[in-house]
>>> print(open('my_file_17.cif').read())   # mmCIF, C-alpha atoms
data_query
#
loop_
_atom_site.label_atom_id
_atom_site.label_comp_id
_atom_site.auth_asym_id
_atom_site.auth_seq_id
_atom_site.Cartn_x
_atom_site.Cartn_y
_atom_site.Cartn_z
CA MET A 19 -16.10 -22.96 15.06
CA SER A 20 -16.92 -20.86 12.06
CA SER A 21 -14.16 -18.88 10.44
CA SER A 22 -16.11 -15.65 10.89
CA THR A 23 -15.62 -15.78 14.63
CA VAL A 24 -11.90 -16.37 14.60
CA GLY A 25 -10.02 -13.24 15.60
CA SER A 26 -13.08 -11.02 15.26
CA PRO A 27 -13.54 -8.15 17.73
CA GLY A 28 -15.50 -9.02 20.82
CA THR A 29 -15.05 -12.78 20.44
CA PRO A 30 -13.63 -13.27 23.97
CA ARG A 31 -16.50 -11.20 25.37
CA ARG A 32 -19.09 -13.24 23.45
CA TYR A 33 -17.40 -16.42 24.60
CA ALA A 34 -17.45 -15.30 28.25
CA HIS A 35 -21.08 -14.20 27.93
CA SER A 36 -22.10 -17.52 26.38
CA LEU A 37 -20.11 -19.42 29.01
CA TRP A 38 -21.88 -17.57 31.79
CA LEU A 39 -25.32 -18.12 30.22
CA LEU A 40 -24.74 -21.86 29.77
CA SER A 41 -23.36 -22.27 33.29
CA GLY A 42 -26.28 -20.30 34.71
CA ARG A 43 -28.67 -22.51 32.77
CA ASP A 44 -27.09 -25.62 34.27
CA LEU A 45 -27.47 -24.22 37.79
CA ARG A 46 -31.06 -23.11 37.24
CA VAL A 47 -32.06 -26.50 35.85
CA ARG A 48 -30.33 -28.29 38.71
CA TYR A 49 -31.99 -26.24 41.44
CA ALA A 50 -35.36 -25.61 39.79
CA THR A 51 -36.10 -29.33 39.66
CA SER A 52 -34.88 -30.01 43.21
CA PHE A 53 -36.95 -29.33 46.33
CA LEU A 54 -33.86 -29.15 48.54
CA GLY A 55 -31.95 -27.02 46.05
CA TYR A 56 -28.72 -25.69 47.56
CA ILE A 57 -28.68 -28.36 50.27
CA TRP A 58 -27.83 -31.00 47.67
CA SER A 59 -24.59 -29.14 46.90
CA VAL A 60 -23.30 -29.86 50.39
CA LEU A 61 -25.27 -32.93 51.46
CA ASP A 62 -23.12 -35.48 49.63
CA PRO A 63 -19.74 -34.34 51.06
CA LEU A 64 -21.30 -33.85 54.50
CA VAL A 65 -22.73 -37.36 54.58
CA MET A 66 -19.43 -38.81 53.36
CA SER A 67 -17.53 -36.79 55.95
CA ALA A 68 -19.86 -37.95 58.72
CA ILE A 69 -19.46 -41.59 57.71
CA TYR A 70 -15.67 -41.49 57.56
CA TRP A 71 -15.49 -39.43 60.76
CA PHE A 72 -17.63 -42.00 62.58
CA VAL A 73 -15.73 -44.99 61.23
CA PHE A 74 -12.25 -43.62 61.92
CA THR A 75 -12.94 -41.90 65.25
CA GLN A 76 -15.69 -43.94 66.89
CA VAL A 77 -15.28 -47.46 65.49
CA PHE A 78 -11.58 -47.79 64.71
CA GLN A 79 -8.49 -46.21 66.18
CA ARG A 80 -7.45 -43.64 63.59
CA SER A 81 -3.76 -43.45 62.66
CA VAL A 82 -4.04 -41.08 59.68
CA GLY A 83 -5.19 -37.54 59.14
CA GLU A 84 -5.20 -34.51 61.43
CA ASP A 85 -7.42 -33.10 64.18
CA PRO A 86 -10.10 -31.88 63.98
CA TYR A 87 -10.67 -34.80 61.64
CA ILE A 88 -14.07 -33.61 60.43
CA VAL A 89 -12.47 -30.41 59.05
CA PHE A 90 -9.62 -32.48 57.61
CA LEU A 91 -12.21 -34.53 55.70
CA ILE A 92 -14.49 -31.71 54.55
CA VAL A 93 -11.67 -29.53 53.21
CA ALA A 94 -10.75 -32.30 50.75
CA LEU A 95 -14.19 -33.80 50.11
CA LEU A 96 -15.69 -30.53 48.89
CA PRO A 97 -13.16 -30.11 46.03
CA TRP A 98 -13.37 -33.85 45.38
CA VAL A 99 -17.11 -33.53 44.74
CA TRP A 100 -16.34 -30.70 42.29
CA PHE A 101 -13.73 -32.88 40.55
CA ASN A 102 -15.84 -36.05 40.51
CA ALA A 103 -19.02 -34.34 39.28
CA SER A 104 -17.16 -32.44 36.55
CA VAL A 105 -15.32 -35.48 35.16
CA GLY A 106 -18.56 -37.48 35.27
CA ASP A 107 -20.34 -34.81 33.22
CA PHE A 108 -17.46 -34.61 30.75
CA THR A 109 -18.36 -38.10 29.54
CA HIS A 110 -21.61 -36.86 27.99
CA ALA A 111 -20.76 -33.17 27.53
CA PHE A 112 -21.23 -33.27 23.75
CA ARG A 113 -23.94 -35.90 23.34
CA LYS A 114 -26.20 -34.18 25.86
CA ASP A 115 -26.44 -31.05 23.66
CA ALA A 116 -25.43 -32.55 20.33
CA ARG A 117 -27.69 -30.31 18.26
CA LEU A 118 -26.36 -27.13 19.84
CA VAL A 119 -22.76 -28.35 19.67
CA LYS A 120 -23.03 -28.87 15.91
CA SER A 121 -24.92 -25.66 15.14
CA THR A 122 -23.19 -23.13 17.41
CA ALA A 123 -20.53 -20.77 16.09
CA ILE A 124 -18.67 -20.43 19.38
CA PRO A 125 -15.67 -22.66 20.17
CA ARG A 126 -16.78 -26.15 21.24
CA SER A 127 -14.51 -25.99 24.28
CA ILE A 128 -17.28 -23.98 25.91
CA TRP A 129 -19.19 -27.23 26.54
CA ILE A 130 -16.32 -28.36 28.77
CA ASN A 131 -15.68 -25.02 30.41
CA ARG A 132 -19.33 -24.49 31.34
CA ILE A 133 -19.23 -27.74 33.33
CA VAL A 134 -16.08 -26.66 35.14
CA LEU A 135 -17.61 -23.25 35.88
CA SER A 136 -21.04 -24.44 37.04
CA LYS A 137 -19.59 -27.16 39.27
CA GLY A 138 -16.99 -24.68 40.52
CA ILE A 139 -19.73 -22.25 41.52
CA GLU A 140 -21.42 -25.05 43.46
CA PHE A 141 -18.09 -25.68 45.18
CA LEU A 142 -17.82 -22.02 46.17
CA PHE A 143 -21.40 -22.10 47.47
CA SER A 144 -20.44 -25.04 49.70
CA LEU A 145 -17.50 -23.27 51.38
CA PRO A 146 -19.63 -21.68 54.15
CA VAL A 147 -20.17 -25.21 55.44
CA LEU A 148 -16.40 -25.63 55.79
CA VAL A 149 -16.22 -22.31 57.63
CA LEU A 150 -18.95 -23.35 60.08
CA PHE A 151 -17.30 -26.68 60.88
CA ALA A 152 -13.91 -25.01 61.25
CA VAL A 153 -15.36 -22.49 63.73
CA PHE A 154 -17.37 -24.94 65.81
CA SER A 155 -14.62 -27.59 65.91
CA GLY A 156 -12.00 -25.08 67.00
CA ALA A 157 -9.78 -25.46 63.94
CA THR A 158 -6.97 -22.93 63.69
CA VAL A 159 -6.24 -20.89 60.58
CA SER A 160 -2.72 -20.03 59.40
CA TRP A 161 -1.04 -18.06 56.62
CA GLY A 162 -1.37 -21.18 54.49
CA LEU A 163 -4.98 -20.21 53.78
CA LEU A 164 -3.51 -17.92 51.11
CA TRP A 165 -2.79 -21.08 49.10
CA PHE A 166 -6.52 -21.87 48.89
CA PRO A 167 -7.12 -19.72 45.75
CA VAL A 168 -4.02 -21.26 44.17
CA ALA A 169 -5.52 -24.71 44.73
CA ILE A 170 -8.73 -23.56 43.02
CA ILE A 171 -6.79 -22.26 40.01
CA MET A 172 -4.80 -25.50 39.74
CA GLN A 173 -7.99 -27.54 39.92
CA VAL A 174 -9.59 -25.45 37.17
CA VAL A 175 -6.54 -26.01 34.94
CA LEU A 176 -6.61 -29.75 35.67
CA LEU A 177 -10.35 -30.06 35.00
CA VAL A 178 -10.24 -28.12 31.75
CA GLY A 179 -7.37 -30.30 30.53
CA LEU A 180 -9.18 -33.50 31.52
CA GLY A 181 -12.40 -32.26 29.95
CA LEU A 182 -10.69 -31.57 26.64
CA LEU A 183 -9.40 -35.16 26.77
CA VAL A 184 -12.39 -37.06 28.12
CA ALA A 185 -15.28 -35.36 26.30
CA PRO A 186 -14.20 -36.02 22.68
CA LEU A 187 -12.87 -39.51 23.45
CA CYS A 188 -16.20 -40.52 25.03
CA VAL A 189 -17.99 -39.51 21.82
CA LEU A 190 -15.73 -41.77 19.79
CA TYR A 191 -15.55 -44.63 22.30
CA SER A 192 -18.77 -44.97 24.29
CA ASP A 193 -17.32 -47.60 26.66
CA LEU A 194 -15.08 -44.92 28.13
CA GLU A 195 -18.07 -43.47 29.99
CA ARG A 196 -18.32 -46.54 32.24
CA THR A 197 -14.55 -46.85 32.41
CA THR A 198 -14.32 -43.26 33.65
CA GLY A 199 -16.73 -44.08 36.47
CA LEU A 200 -14.56 -46.98 37.59
CA VAL A 201 -11.40 -44.88 37.41
CA LEU A 202 -13.02 -42.16 39.53
CA ARG A 203 -14.04 -44.70 42.14
CA ALA A 204 -10.47 -45.98 42.38
CA LEU A 205 -9.03 -42.46 42.30
CA PHE A 206 -11.02 -41.51 45.39
CA TYR A 207 -9.07 -44.00 47.51
CA ALA A 208 -5.81 -43.31 45.67
CA SER A 209 -6.07 -39.61 46.54
CA PRO A 210 -5.25 -38.11 49.97
CA ILE A 211 -8.83 -37.50 51.10
CA ILE A 212 -9.38 -39.70 54.16
CA TYR A 213 -5.64 -39.57 54.78
CA SER A 214 -2.91 -37.05 54.01
CA PHE A 215 -0.09 -37.33 51.49
CA ARG A 216 2.32 -37.45 54.43
CA ASP A 217 0.63 -40.63 55.72
CA LEU A 218 1.57 -42.65 52.64
CA PRO A 219 4.38 -45.18 53.15
CA GLU A 220 7.00 -45.87 50.53
CA PRO A 221 6.80 -46.68 47.66
CA PHE A 222 3.26 -45.25 47.60
CA HIS A 223 4.53 -41.91 48.87
CA THR A 224 6.67 -41.47 45.76
CA ILE A 225 4.01 -42.85 43.43
CA GLY A 226 1.31 -40.72 45.05
CA ALA A 227 3.21 -37.52 44.27
CA PHE A 228 2.28 -38.04 40.61
CA ASN A 229 -1.41 -37.86 41.42
CA PRO A 230 -2.17 -34.20 40.61
CA LEU A 231 -4.86 -34.15 43.30
CA ALA A 232 -2.22 -34.81 45.97
CA GLY A 233 -0.65 -31.37 45.63
CA ILE A 234 -4.00 -29.66 45.13
CA PHE A 235 -5.49 -31.15 48.30
CA THR A 236 -2.30 -30.27 50.17
CA LEU A 237 -2.84 -26.62 49.24
CA TYR A 238 -6.48 -26.74 50.30
CA ARG A 239 -5.52 -28.18 53.71
CA VAL A 240 -2.38 -26.27 54.58
CA GLY A 241 -4.35 -23.26 55.81
CA PHE A 242 -5.86 -25.39 58.57
CA PHE A 243 -3.03 -27.90 58.98
CA PRO A 244 0.29 -26.13 58.27
CA ASP A 245 2.31 -29.24 59.17
CA LEU A 246 1.04 -30.85 55.97
CA TRP A 247 2.98 -28.42 53.78
CA ASP A 248 5.11 -30.31 51.28
CA PRO A 249 6.49 -28.56 48.18
CA VAL A 250 7.17 -31.82 46.30
CA PRO A 251 3.57 -32.90 45.53
CA VAL A 252 2.58 -29.26 45.00
CA LEU A 253 5.28 -28.71 42.37
CA VAL A 254 4.59 -32.06 40.69
CA SER A 255 0.87 -31.32 40.65
CA ALA A 256 1.42 -27.89 39.09
CA LEU A 257 3.55 -29.38 36.32
CA MET A 258 1.08 -32.21 35.72
CA CYS A 259 -1.88 -29.82 35.58
CA LEU A 260 -0.12 -27.78 32.90
CA GLY A 261 0.92 -30.94 31.05
CA ILE A 262 -2.62 -32.36 31.09
CA LEU A 263 -3.98 -29.02 29.86
CA ALA A 264 -1.50 -28.98 26.98
CA LEU A 265 -2.30 -32.61 26.10
CA GLY A 266 -6.00 -31.90 26.29
CA MET A 267 -5.77 -28.89 23.98
CA TRP A 268 -3.71 -30.85 21.47
CA THR A 269 -6.10 -33.83 21.58
CA PHE A 270 -9.19 -31.66 21.31
CA ARG A 271 -7.89 -29.81 18.26
CA GLY A 272 -7.07 -33.10 16.55
CA LEU A 273 -10.42 -34.77 17.29
CA GLU A 274 -12.88 -31.88 17.02
CA ALA A 275 -13.80 -32.43 13.36
CA THR A 276 -14.18 -36.19 13.89
CA VAL A 277 -16.37 -35.64 16.93
CA LEU A 278 -18.70 -33.32 15.00
CA LYS A 279 -19.18 -36.03 12.36
CA GLU A 280 -20.04 -38.60 15.03
CA LEU A 281 -22.66 -36.45 16.76
#
>>> encode(input="my_file_17.cif", output="structure tokens")
Amino acid sequence: MSSSTVGSPGTPRRYAHSLWLLSGRDLRVRYATSFLGYIWSVLDPLVMSAIYWFVFTQVFQRSVGEDPYIVFLIVALLPWVWFNASVGDFTHAFRKDARLVKSTAIPRSIWINRIVLSKGIEFLFSLPVLVLFAVFSGATVSWGLLWFPVAIIMQVVLLVGLGLLVAPLCVLYSDLERTTGLVLRALFYASPIIYSFRDLPEPFHTIGAFNPLAGIFTLYRVGFFPDLWDPVPVLVSALMCLGILALGMWTFRGLEATVLKEL
């Protein structure tokens, strides 16, 4: 970031404008080269939901989750796709546009935030699918739906913090890109997606509270399944999201100059 931009009038506006342009570019490129376009935003979570619904309702006797189970799955799988796709893109956020990253005068954090924003927009575009399944499956809606925007905000904070950690470290240590993929694969099953946080037995119930996605997914679901409300994972998740953001900002500031030399 050049010194001329620090503290100058209009900098936040220029940053927001640049962020919107970069995020819009990502979305245009994604959909312009795809025949199915928008359908791909929802196809992955829908296929995963259908598979798990079939396995746990038609093949095996399900002992976890809530009814209607398809809504229970979709309401967590949609934000999971946002999380998974964002963290995956963080691993090559700087190398993908190395020339622009080195030459631009705007803060380099924009290359993380544009991923969070573009994937977040795709998540919002996929919400009508959740609404349709909730209506046709007869799911009830409660006051807890007011927590849905809070879950989105918490997920944004978590993703920005993780991006500020993962992106620079992957430039310095290329093996972390594959390691991140393995961690995400394990995190899927360690997170309350095909089951709820309440279904976890001890000691996994206590350990699982320290997964920031546990509280976030609880907030996403509580509008449809109010019995799942649990303030413990929500509070722990909120604190962890803020802690990861603070750690990410501190790490990013310390590594930014080194990353620019490596690119």
>>> residues_around(input="my_file_17.cif", residues="A:Leu190", least_positions_apart="3", cutoff="7 Å", atoms="all atoms listed in the file", output="list of chain:residue names")
A:Pro186, A:Leu187, A:Val277
>>> residues_near_point(input="my_file_17.cif", point="(2.0, -30.4, 34.0)", cutoff="12 Å", atoms="only C-alpha atoms", output="list in words")
Met172, Gln173, Val175, Leu176, Gly179, Leu180, Phe228, Asn229, Pro230, Gly233, Pro251, Val252, Leu253, Val254, Ser255, Ala256, Leu257, Met258, Cys259, Leu260, Gly261, Ile262, Leu263, Ala264, Leu265 and Gly266 of chain A
>>> atom_distance(input="my_file_17.cif", atom1="atom CA of A:Asp107", atom2="atom CA of A:Ile133")
7.2 Å
>>> closest_residue(input="my_file_17.cif", among="A:Leu218, A:Val77, A:Leu194, A:Ala204", to="A:His110", atoms="only C-alpha atoms")
A:Leu194
>>> atom_distance(input="my_file_17.cif", atom1="atom CA of A:Val89", atom2="atom CA of A:Phe108")
29.0 Å
>>> closest_residue(input="my_file_17.cif", among="A:Ser36, A:Ser67, A:Ser41, A:Thr29", to="A:Leu95", atoms="only C-alpha atoms")
A:Ser67
>>> atom_distance(input="my_file_17.cif", atom1="atom CA of A:Leu45", atom2="atom CA of A:Ile88")
27.9 Å
>>> closest_residue(input="my_file_17.cif", among="A:Val60, A:Ile124, A:Ile234, A:Val119", to="A:Arg31", atoms="all atoms listed in the file")
A:Ile124
>>> closest_residue(input="my_file_17.cif", among="A:Val47, A:Ile212, A:Ala227, A:Val250", to="A:Val73", atoms="only C-alpha atoms")
A:Ile212
>>> residues_near_point(input="my_file_17.cif", point="(-16.2, -35.6, 25.5)", cutoff="7 Å", atoms="all atoms listed in the file", output="list in words")
Phe108, Thr109, His110, Ala111, Phe112, Gly181, Leu182, Leu183, Val184, Ala185, Pro186, Leu187, Cys188 and Val189 of chain A
>>> residues_around(input="my_file_17.cif", residues="A:Leu142", least_positions_apart="5", cutoff="10 Å", atoms="all atoms listed in the file", output="count of residues only")
7
>>> residues_around(input="my_file_17.cif", residues="A:Leu237", least_positions_apart="6", cutoff="7 Å", atoms="all atoms listed in the file", output="mmCIF file with C-alpha atoms, in the frame of the given file")
data_model
loop_
_atom_site.group_PDB
_atom_site.id
_atom_site.type_symbol
_atom_site.label_atom_id
_atom_site.label_comp_id
_atom_site.auth_asym_id
_atom_site.auth_seq_id
_atom_site.Cartn_x
_atom_site.Cartn_y
_atom_site.Cartn_z
ATOM 1 C CA TRP A 165 -2.790 -21.080 49.100
ATOM 2 C CA PHE A 166 -6.520 -21.870 48.890
ATOM 3 C CA ALA A 169 -5.520 -24.710 44.730
#
>>> resolve_selection(input="my_file_17.cif", expression="the PyMOL selection byres ((chain A and resi 74) around 12)", output="PyMOL selection string")
chain A and resi 67-73+75-85+87-88+91+212-213
>>> write_last_selection(input="my_file_17.cif", atoms="C-alpha atoms", output="PDB file, in the coordinates of the input")
ATOM      1  CA  SER A  67     -17.530 -36.790  55.950  1.00  0.00           C
ATOM      2  CA  ALA A  68     -19.860 -37.950  58.720  1.00  0.00           C
ATOM      3  CA  ILE A  69     -19.460 -41.590  57.710  1.00  0.00           C
ATOM      4  CA  TYR A  70     -15.670 -41.490  57.560  1.00  0.00           C
ATOM      5  CA  TRP A  71     -15.490 -39.430  60.760  1.00  0.00           C
ATOM      6  CA  PHE A  72     -17.630 -42.000  62.580  1.00  0.00           C
ATOM      7  CA  VAL A  73     -15.730 -44.990  61.230  1.00  0.00           C
ATOM      8  CA  THR A  75     -12.940 -41.900  65.250  1.00  0.00           C
ATOM      9  CA  GLN A  76     -15.690 -43.940  66.890  1.00  0.00           C
ATOM     10  CA  VAL A  77     -15.280 -47.460  65.490  1.00  0.00           C
ATOM     11  CA  PHE A  78     -11.580 -47.790  64.710  1.00  0.00           C
ATOM     12  CA  GLN A  79      -8.490 -46.210  66.180  1.00  0.00           C
ATOM     13  CA  ARG A  80      -7.450 -43.640  63.590  1.00  0.00           C
ATOM     14  CA  SER A  81      -3.760 -43.450  62.660  1.00  0.00           C
ATOM     15  CA  VAL A  82      -4.040 -41.080  59.680  1.00  0.00           C
ATOM     16  CA  GLY A  83      -5.190 -37.540  59.140  1.00  0.00           C
ATOM     17  CA  GLU A  84      -5.200 -34.510  61.430  1.00  0.00           C
ATOM     18  CA  ASP A  85      -7.420 -33.100  64.180  1.00  0.00           C
ATOM     19  CA  TYR A  87     -10.670 -34.800  61.640  1.00  0.00           C
ATOM     20  CA  ILE A  88     -14.070 -33.610  60.430  1.00  0.00           C
ATOM     21  CA  LEU A  91     -12.210 -34.530  55.700  1.00  0.00           C
ATOM     22  CA  ILE A 212      -9.380 -39.700  54.160  1.00  0.00           C
ATOM     23  CA  TYR A 213      -5.640 -39.570  54.780  1.00  0.00           C
TER      24      TYR A 213
END
>>> closest_residue(input="my_file_17.cif", among="A:Ile130, A:Val240, A:Ile57, A:Val93", to="A:Val149", atoms="all atoms listed in the file")
A:Val93
>>> closest_residue(input="my_file_17.cif", among="A:Asn131, A:Thr269, A:Ser104, A:Ser209", to="A:His223", atoms="all atoms listed in the file")
A:Ser209
>>> axis_aligned_box(input="my_file_17.cif", around="stretch 229-234 of chain A", padding_each_side="8 Å", output="lines of an AutoDock Vina configuration file")
center_x = -2.8
center_y = -33.8
center_z = 43.3
size_x = 20.2
size_y = 24.2
size_z = 21.4
>>> decode(input="my_file_17.cif", residues="stretch 66-169 of chain A", atoms="C-alpha atoms", output="PDB file, in the first residue's frame")
ATOM      1  CA  MET A  66     -24.818 -33.340  -1.336  1.00  0.00           C
ATOM      2  CA  SER A  67     -28.110 -32.792   0.487  1.00  0.00           C
ATOM      3  CA  ALA A  68     -29.864 -35.355  -1.689  1.00  0.00           C
ATOM      4  CA  ILE A  69     -27.147 -37.945  -1.069  1.00  0.00           C
ATOM      5  CA  TYR A  70     -27.122 -37.515   2.700  1.00  0.00           C
ATOM      6  CA  TRP A  71     -30.927 -37.361   2.818  1.00  0.00           C
ATOM      7  CA  PHE A  72     -31.154 -40.642   0.895  1.00  0.00           C
ATOM      8  CA  VAL A  73     -28.490 -42.389   2.966  1.00  0.00           C
ATOM      9  CA  PHE A  74     -29.831 -41.318   6.358  1.00  0.00           C
ATOM     10  CA  THR A  75     -33.566 -41.587   5.632  1.00  0.00           C
ATOM     11  CA  GLN A  76     -33.891 -44.368   3.066  1.00  0.00           C
ATOM     12  CA  VAL A  77     -30.899 -46.644   3.679  1.00  0.00           C
ATOM     13  CA  PHE A  78     -30.115 -46.267   7.376  1.00  0.00           C
ATOM     14  CA  GLN A  79     -32.230 -45.446  10.382  1.00  0.00           C
ATOM     15  CA  ARG A  80     -31.328 -41.851  11.182  1.00  0.00           C
ATOM     16  CA  SER A  81     -30.674 -40.950  14.829  1.00  0.00           C
ATOM     17  CA  VAL A  82     -29.313 -37.425  14.324  1.00  0.00           C
ATOM     18  CA  GLY A  83     -30.636 -34.190  12.920  1.00  0.00           C
ATOM     19  CA  GLU A  84     -34.149 -32.760  12.760  1.00  0.00           C
ATOM     20  CA  ASP A  85     -37.209 -33.105  10.521  1.00  0.00           C
ATOM     21  CA  PRO A  86     -37.622 -32.150   7.755  1.00  0.00           C
ATOM     22  CA  TYR A  87     -34.109 -33.504   7.334  1.00  0.00           C
ATOM     23  CA  ILE A  88     -33.628 -32.098   3.831  1.00  0.00           C
ATOM     24  CA  VAL A  89     -34.093 -28.547   5.180  1.00  0.00           C
ATOM     25  CA  PHE A  90     -31.837 -29.382   8.125  1.00  0.00           C
ATOM     26  CA  LEU A  91     -29.112 -30.349   5.634  1.00  0.00           C
ATOM     27  CA  ILE A  92     -29.529 -27.507   3.141  1.00  0.00           C
ATOM     28  CA  VAL A  93     -29.536 -24.755   5.773  1.00  0.00           C
ATOM     29  CA  ALA A  94     -26.013 -25.816   6.819  1.00  0.00           C
ATOM     30  CA  LEU A  95     -24.656 -27.019   3.471  1.00  0.00           C
ATOM     31  CA  LEU A  96     -25.252 -23.692   1.733  1.00  0.00           C
ATOM     32  CA  PRO A  97     -23.040 -21.701   4.156  1.00  0.00           C
ATOM     33  CA  TRP A  98     -20.569 -24.596   4.187  1.00  0.00           C
ATOM     34  CA  VAL A  99     -20.134 -24.257   0.411  1.00  0.00           C
ATOM     35  CA  TRP A 100     -19.472 -20.526   0.937  1.00  0.00           C
ATOM     36  CA  PHE A 101     -16.907 -21.330   3.644  1.00  0.00           C
ATOM     37  CA  ASN A 102     -15.229 -24.170   1.747  1.00  0.00           C
ATOM     38  CA  ALA A 103     -14.995 -22.305  -1.566  1.00  0.00           C
ATOM     39  CA  SER A 104     -13.641 -19.158   0.100  1.00  0.00           C
ATOM     40  CA  VAL A 105     -10.917 -20.919   2.099  1.00  0.00           C
ATOM     41  CA  GLY A 106      -9.953 -22.920  -0.986  1.00  0.00           C
ATOM     42  CA  ASP A 107      -9.529 -19.711  -2.993  1.00  0.00           C
ATOM     43  CA  PHE A 108      -7.539 -18.078  -0.197  1.00  0.00           C
ATOM     44  CA  THR A 109      -4.704 -20.519  -0.884  1.00  0.00           C
ATOM     45  CA  HIS A 110      -3.959 -18.897  -4.250  1.00  0.00           C
ATOM     46  CA  ALA A 111      -5.461 -15.437  -3.661  1.00  0.00           C
ATOM     47  CA  PHE A 112      -2.150 -13.633  -4.213  1.00  0.00           C
ATOM     48  CA  ARG A 113      -0.416 -15.868  -6.746  1.00  0.00           C
ATOM     49  CA  LYS A 114      -3.426 -15.836  -9.060  1.00  0.00           C
ATOM     50  CA  ASP A 115      -3.133 -12.050  -9.563  1.00  0.00           C
ATOM     51  CA  ALA A 116       0.486 -11.566  -8.531  1.00  0.00           C
ATOM     52  CA  ARG A 117       1.152  -8.751 -10.992  1.00  0.00           C
ATOM     53  CA  LEU A 118      -1.844  -6.727  -9.836  1.00  0.00           C
ATOM     54  CA  VAL A 119      -1.131  -7.442  -6.168  1.00  0.00           C
ATOM     55  CA  LYS A 120       2.373  -5.985  -6.499  1.00  0.00           C
ATOM     56  CA  SER A 121       1.425  -2.980  -8.612  1.00  0.00           C
ATOM     57  CA  THR A 122      -1.834  -1.841  -7.008  1.00  0.00           C
ATOM     58  CA  ALA A 123      -1.943   1.042  -4.547  1.00  0.00           C
ATOM     59  CA  ILE A 124      -4.972  -0.216  -2.631  1.00  0.00           C
ATOM     60  CA  PRO A 125      -4.558  -2.321   0.524  1.00  0.00           C
ATOM     61  CA  ARG A 126      -3.681  -5.927  -0.316  1.00  0.00           C
ATOM     62  CA  SER A 127      -6.412  -7.180   2.008  1.00  0.00           C
ATOM     63  CA  ILE A 128      -8.797  -6.481  -0.855  1.00  0.00           C
ATOM     64  CA  TRP A 129      -7.654  -9.727  -2.516  1.00  0.00           C
ATOM     65  CA  ILE A 130      -9.038 -11.630   0.473  1.00  0.00           C
ATOM     66  CA  ASN A 131     -12.162  -9.558   0.928  1.00  0.00           C
ATOM     67  CA  ARG A 132     -13.181  -9.834  -2.735  1.00  0.00           C
ATOM     68  CA  ILE A 133     -13.234 -13.628  -2.363  1.00  0.00           C
ATOM     69  CA  VAL A 134     -15.391 -13.400   0.753  1.00  0.00           C
ATOM     70  CA  LEU A 135     -17.747 -10.961  -0.987  1.00  0.00           C
ATOM     71  CA  SER A 136     -18.086 -12.815  -4.302  1.00  0.00           C
ATOM     72  CA  LYS A 137     -18.641 -16.178  -2.618  1.00  0.00           C
ATOM     73  CA  GLY A 138     -21.010 -14.510  -0.165  1.00  0.00           C
ATOM     74  CA  ILE A 139     -23.071 -13.125  -3.039  1.00  0.00           C
ATOM     75  CA  GLU A 140     -23.294 -16.630  -4.487  1.00  0.00           C
ATOM     76  CA  PHE A 141     -24.496 -17.820  -1.084  1.00  0.00           C
ATOM     77  CA  LEU A 142     -27.219 -15.166  -1.034  1.00  0.00           C
ATOM     78  CA  PHE A 143     -28.247 -16.147  -4.573  1.00  0.00           C
ATOM     79  CA  SER A 144     -28.682 -19.736  -3.364  1.00  0.00           C
ATOM     80  CA  LEU A 145     -31.066 -18.866  -0.510  1.00  0.00           C
ATOM     81  CA  PRO A 146     -34.227 -19.063  -2.677  1.00  0.00           C
ATOM     82  CA  VAL A 147     -33.535 -22.787  -2.944  1.00  0.00           C
ATOM     83  CA  LEU A 148     -33.671 -23.058   0.852  1.00  0.00           C
ATOM     84  CA  VAL A 149     -36.953 -21.134   0.859  1.00  0.00           C
ATOM     85  CA  LEU A 150     -38.483 -23.469  -1.739  1.00  0.00           C
ATOM     86  CA  PHE A 151     -37.499 -26.618   0.147  1.00  0.00           C
ATOM     87  CA  ALA A 152     -38.720 -25.133   3.426  1.00  0.00           C
ATOM     88  CA  VAL A 153     -42.119 -24.339   1.871  1.00  0.00           C
ATOM     89  CA  PHE A 154     -42.631 -27.642   0.083  1.00  0.00           C
ATOM     90  CA  SER A 155     -41.403 -29.767   3.001  1.00  0.00           C
ATOM     91  CA  GLY A 156     -43.660 -27.990   5.477  1.00  0.00           C
ATOM     92  CA  ALA A 157     -40.861 -26.595   7.643  1.00  0.00           C
ATOM     93  CA  THR A 158     -41.976 -24.109  10.265  1.00  0.00           C
ATOM     94  CA  VAL A 159     -40.352 -20.724  10.785  1.00  0.00           C
ATOM     95  CA  SER A 160     -39.821 -19.130  14.204  1.00  0.00           C
ATOM     96  CA  TRP A 161     -38.456 -15.909  15.680  1.00  0.00           C
ATOM     97  CA  GLY A 162     -35.029 -17.521  15.512  1.00  0.00           C
ATOM     98  CA  LEU A 163     -34.863 -16.587  11.836  1.00  0.00           C
ATOM     99  CA  LEU A 164     -33.755 -13.158  13.076  1.00  0.00           C
ATOM    100  CA  TRP A 165     -30.429 -14.789  13.958  1.00  0.00           C
ATOM    101  CA  PHE A 166     -29.787 -15.627  10.288  1.00  0.00           C
ATOM    102  CA  PRO A 167     -28.179 -12.226   9.476  1.00  0.00           C
ATOM    103  CA  VAL A 168     -26.074 -12.516  12.628  1.00  0.00           C
ATOM    104  CA  ALA A 169     -24.776 -15.866  11.383  1.00  0.00           C
TER     105      ALA A 169
END
